[in-house]
Every structure is written in C-alpha cells, then in structure tokens.
Amino acid sequence: MLNWTLNKTRQKILNDPARFKVIVAGRRWGKTVLSLMYLLKEPFKSGERRWFITPTYRQGKMIVFPVLRQMFASFKNAKLNESEMSVVFENGAELAVKGADNEHNLRGVELTKAVMDEMAYIKPHVWQEIIMPMLATTKGECLFIGTPSGYDMMYELYSKGQSDNNWKSWQFTTLQGGFVSKEEVELAKRTMDETVF
C-alpha cells in the first residue's frame, strides 16, 4: 500500500519554485508517490498534458498505471484508457504514463509537466532532444527522480540543481524516506556488496 503522507520533506520539494527538480534517493524512499503528488498538485487546465515517463513501457504498466487506475476508477469526470495508460478529463486534459524505450512515440505534442523516473536508465537525448522542447512552449516543469547509478546524466542534472537558478536538487538515503526500517537497512548493509549497497 502506498503512503500518501505529505511530510515536511515532500512539502518542501513540492513547494519549491524551481522549474526543474532533481531527486536522487535510495530504494524504497517513496519516489513514485512523490512523483504522482507532483503531477497532481495543481488542477488540470483545459487541454494540458502531464506525463509520467519511465525507462520502459513495461515499468510504467507494472508500477505507475495500476496506481492511477485505482485513483481514478470511480471519477465521473475522468476516463481511463488502459491501452494508452492515460486518464483524460472532461476538459480534455491528459495525465499519461509513457515509456522512454519507444522514444519516437513521445514526439510531437507539448507538455505542461513531466516526471522522468529513474533518469539514469533513460537515454540522455530523450530529455535533451524530445522532452525539453515539448516543455518549451508552455514553459513547463519537470521532476527527475531516481536512484544513484554512477557519474551519468542523473549526476549531471543533480549537479545543475546545485548551481543553476532554474534547477534545484536533493539527495536522500533509503532510511530518510521513512518506509524502510533501520534494521532492514542494516541487514542489507551486512548482506550486500559495499558498492551495490
């Protein structure tokens, strides 16, 4: 069961005025819940699009869309489209889950808000050449979120969040998420290779 508690950390991130936000966090920190809070924070304006982009279509179908299905199943003014993994509202606004593995299906529309989940596992040009231009006409926003994976695109974006006024970045451990006990983290530390941990 997902924990939708809006704690001080989540509230601070959601209310931060930066246009581009980057969160590097350990496993089971609560990244999916925060990402959905981010996408659902403001009311949907007529015709706008907000996307939750996962590294693969399959990940989106297994992890994110079931949560949306559960949330919007009883909404009278929202229509669920299983095959498109989307929710379309009466005013034409859309909230959709997309996979970055079929990047050509991402092109051609404008976005108001996007989440790029596990950015370390998405090809860098998907952000630079596809998603960023889609946010340009709306001056849209993006949240990049994921687990650490070395000195890659996610690391570059995190660094940008430490120095660029349009960007803000945070880093959290699994334990700071509040969903995994200290005992479980200690067990993992004793069981796993140091680098993997």
# chains A, B, ... in the order shown; residues from 1 in each chain; ligands from 1
>>> residues_around(residues="Ala96 of chain A", least_positions_apart="5", cutoff="9 Å", atoms="only C-alpha atoms", output="ChimeraX atom specification")
/A:49-53,65,84-88
>>> select_by_dssp(residues="segment 54-151 of chain A", states="helix (DSSP H, G or I)", output="PyMOL selection string")
chain A and resi 57-72+100-106+119-121+124-136
>>> write_last_selection(atoms="N, CA and C atoms", output="short mmCIF file (atom, residue, chain, number, x, y, z; two decimals), in the first residue's frame")
data_model
loop_
_atom_site.label_atom_id
_atom_site.label_comp_id
_atom_site.auth_asym_id
_atom_site.auth_seq_id
_atom_site.Cartn_x
_atom_site.Cartn_y
_atom_site.Cartn_z
N TYR A 57 8.15 1.00 -21.17
CA TYR A 57 6.69 0.92 -21.17
C TYR A 57 6.23 -0.08 -20.11
N ARG A 58 6.94 -1.20 -20.04
CA ARG A 58 6.58 -2.27 -19.08
C ARG A 58 6.65 -1.78 -17.63
N GLN A 59 7.67 -1.00 -17.30
CA GLN A 59 7.78 -0.46 -15.94
C GLN A 59 6.59 0.43 -15.61
N GLY A 60 6.23 1.28 -16.55
CA GLY A 60 5.08 2.15 -16.35
C GLY A 60 3.80 1.37 -16.14
N LYS A 61 3.65 0.30 -16.91
CA LYS A 61 2.45 -0.53 -16.83
C LYS A 61 2.39 -1.30 -15.52
N MET A 62 3.53 -1.74 -15.02
CA MET A 62 3.57 -2.53 -13.79
C MET A 62 3.54 -1.68 -12.51
N ILE A 63 4.19 -0.51 -12.56
CA ILE A 63 4.39 0.25 -11.33
C ILE A 63 3.46 1.46 -11.20
N VAL A 64 3.33 2.26 -12.25
CA VAL A 64 2.63 3.54 -12.14
C VAL A 64 1.16 3.46 -12.53
N PHE A 65 0.85 2.84 -13.66
CA PHE A 65 -0.54 2.86 -14.12
C PHE A 65 -1.51 2.18 -13.16
N PRO A 66 -1.15 1.08 -12.48
CA PRO A 66 -2.08 0.50 -11.51
C PRO A 66 -2.51 1.49 -10.42
N VAL A 67 -1.60 2.37 -10.03
CA VAL A 67 -1.93 3.39 -9.02
C VAL A 67 -2.93 4.38 -9.61
N LEU A 68 -2.69 4.82 -10.84
CA LEU A 68 -3.64 5.75 -11.49
C LEU A 68 -5.00 5.09 -11.67
N ARG A 69 -5.00 3.83 -12.07
CA ARG A 69 -6.26 3.10 -12.25
C ARG A 69 -7.06 3.09 -10.96
N GLN A 70 -6.37 2.81 -9.87
CA GLN A 70 -7.03 2.76 -8.57
C GLN A 70 -7.55 4.14 -8.17
N MET A 71 -6.78 5.18 -8.43
CA MET A 71 -7.16 6.53 -8.05
C MET A 71 -8.36 7.06 -8.83
N PHE A 72 -8.39 6.78 -10.13
CA PHE A 72 -9.38 7.41 -10.99
C PHE A 72 -10.53 6.50 -11.43
N ALA A 100 10.04 5.45 -22.09
CA ALA A 100 11.08 6.10 -22.89
C ALA A 100 11.77 5.15 -23.84
N ASP A 101 11.46 3.85 -23.75
CA ASP A 101 12.10 2.88 -24.64
C ASP A 101 11.58 2.98 -26.08
N ASN A 102 10.39 3.54 -26.27
CA ASN A 102 9.88 3.78 -27.61
C ASN A 102 9.81 5.29 -27.80
N GLU A 103 10.98 5.90 -27.89
CA GLU A 103 11.10 7.36 -27.85
C GLU A 103 10.37 8.08 -28.97
N HIS A 104 10.20 7.43 -30.13
CA HIS A 104 9.53 8.09 -31.25
C HIS A 104 8.05 8.33 -30.96
N ASN A 105 7.47 7.54 -30.06
CA ASN A 105 6.08 7.75 -29.67
C ASN A 105 5.91 8.92 -28.72
N LEU A 106 7.01 9.50 -28.27
CA LEU A 106 6.94 10.63 -27.35
C LEU A 106 6.90 11.97 -28.08
N MET A 119 15.87 8.37 -14.17
CA MET A 119 16.52 9.07 -15.29
C MET A 119 17.86 8.46 -15.67
N ALA A 120 18.54 7.84 -14.73
CA ALA A 120 19.84 7.23 -15.02
C ALA A 120 19.70 6.11 -16.05
N TYR A 121 18.49 5.58 -16.22
CA TYR A 121 18.27 4.46 -17.14
C TYR A 121 17.51 4.89 -18.40
N PRO A 124 20.06 9.90 -22.47
CA PRO A 124 20.10 11.36 -22.24
C PRO A 124 19.40 12.18 -23.32
N HIS A 125 19.48 11.75 -24.59
CA HIS A 125 18.88 12.57 -25.65
C HIS A 125 17.35 12.60 -25.58
N VAL A 126 16.74 11.64 -24.86
CA VAL A 126 15.28 11.67 -24.70
C VAL A 126 14.88 12.95 -23.97
N TRP A 127 15.65 13.34 -22.95
CA TRP A 127 15.39 14.61 -22.28
C TRP A 127 15.77 15.79 -23.16
N GLN A 128 17.00 15.79 -23.65
CA GLN A 128 17.52 16.96 -24.35
C GLN A 128 16.84 17.24 -25.68
N GLU A 129 16.56 16.20 -26.46
CA GLU A 129 16.03 16.40 -27.81
C GLU A 129 14.52 16.22 -27.92
N ILE A 130 13.89 15.56 -26.96
CA ILE A 130 12.46 15.27 -27.08
C ILE A 130 11.63 15.98 -26.01
N ILE A 131 11.88 15.69 -24.75
CA ILE A 131 11.02 16.20 -23.68
C ILE A 131 11.23 17.69 -23.42
N MET A 132 12.47 18.14 -23.33
CA MET A 132 12.71 19.56 -23.06
C MET A 132 12.05 20.48 -24.10
N PRO A 133 12.17 20.20 -25.41
CA PRO A 133 11.47 21.04 -26.38
C PRO A 133 9.94 20.99 -26.23
N MET A 134 9.40 19.87 -25.76
CA MET A 134 7.95 19.76 -25.57
C MET A 134 7.46 20.63 -24.42
N LEU A 135 8.35 20.97 -23.50
CA LEU A 135 8.01 21.84 -22.38
C LEU A 135 8.25 23.32 -22.70
N ALA A 136 8.93 23.58 -23.80
CA ALA A 136 9.36 24.96 -24.11
C ALA A 136 8.19 25.91 -24.37
#
>>> closest_residue(among="A:Leu36, A:Val115, A:Ala25, A:Ala78", to="Tyr158 of chain A", atoms="only C-alpha atoms")
A:Ala25
>>> closest_residue(among="A:Phe89, A:Trp167, A:Phe172, A:Tyr155", to="Phe20 of chain A", atoms="only C-alpha atoms")
A:Trp167
>>> closest_residue(among="A:Ala18, A:Met116, A:Ala93, A:Val33", to="Met154 of chain A", atoms="only C-alpha atoms")
A:Met116
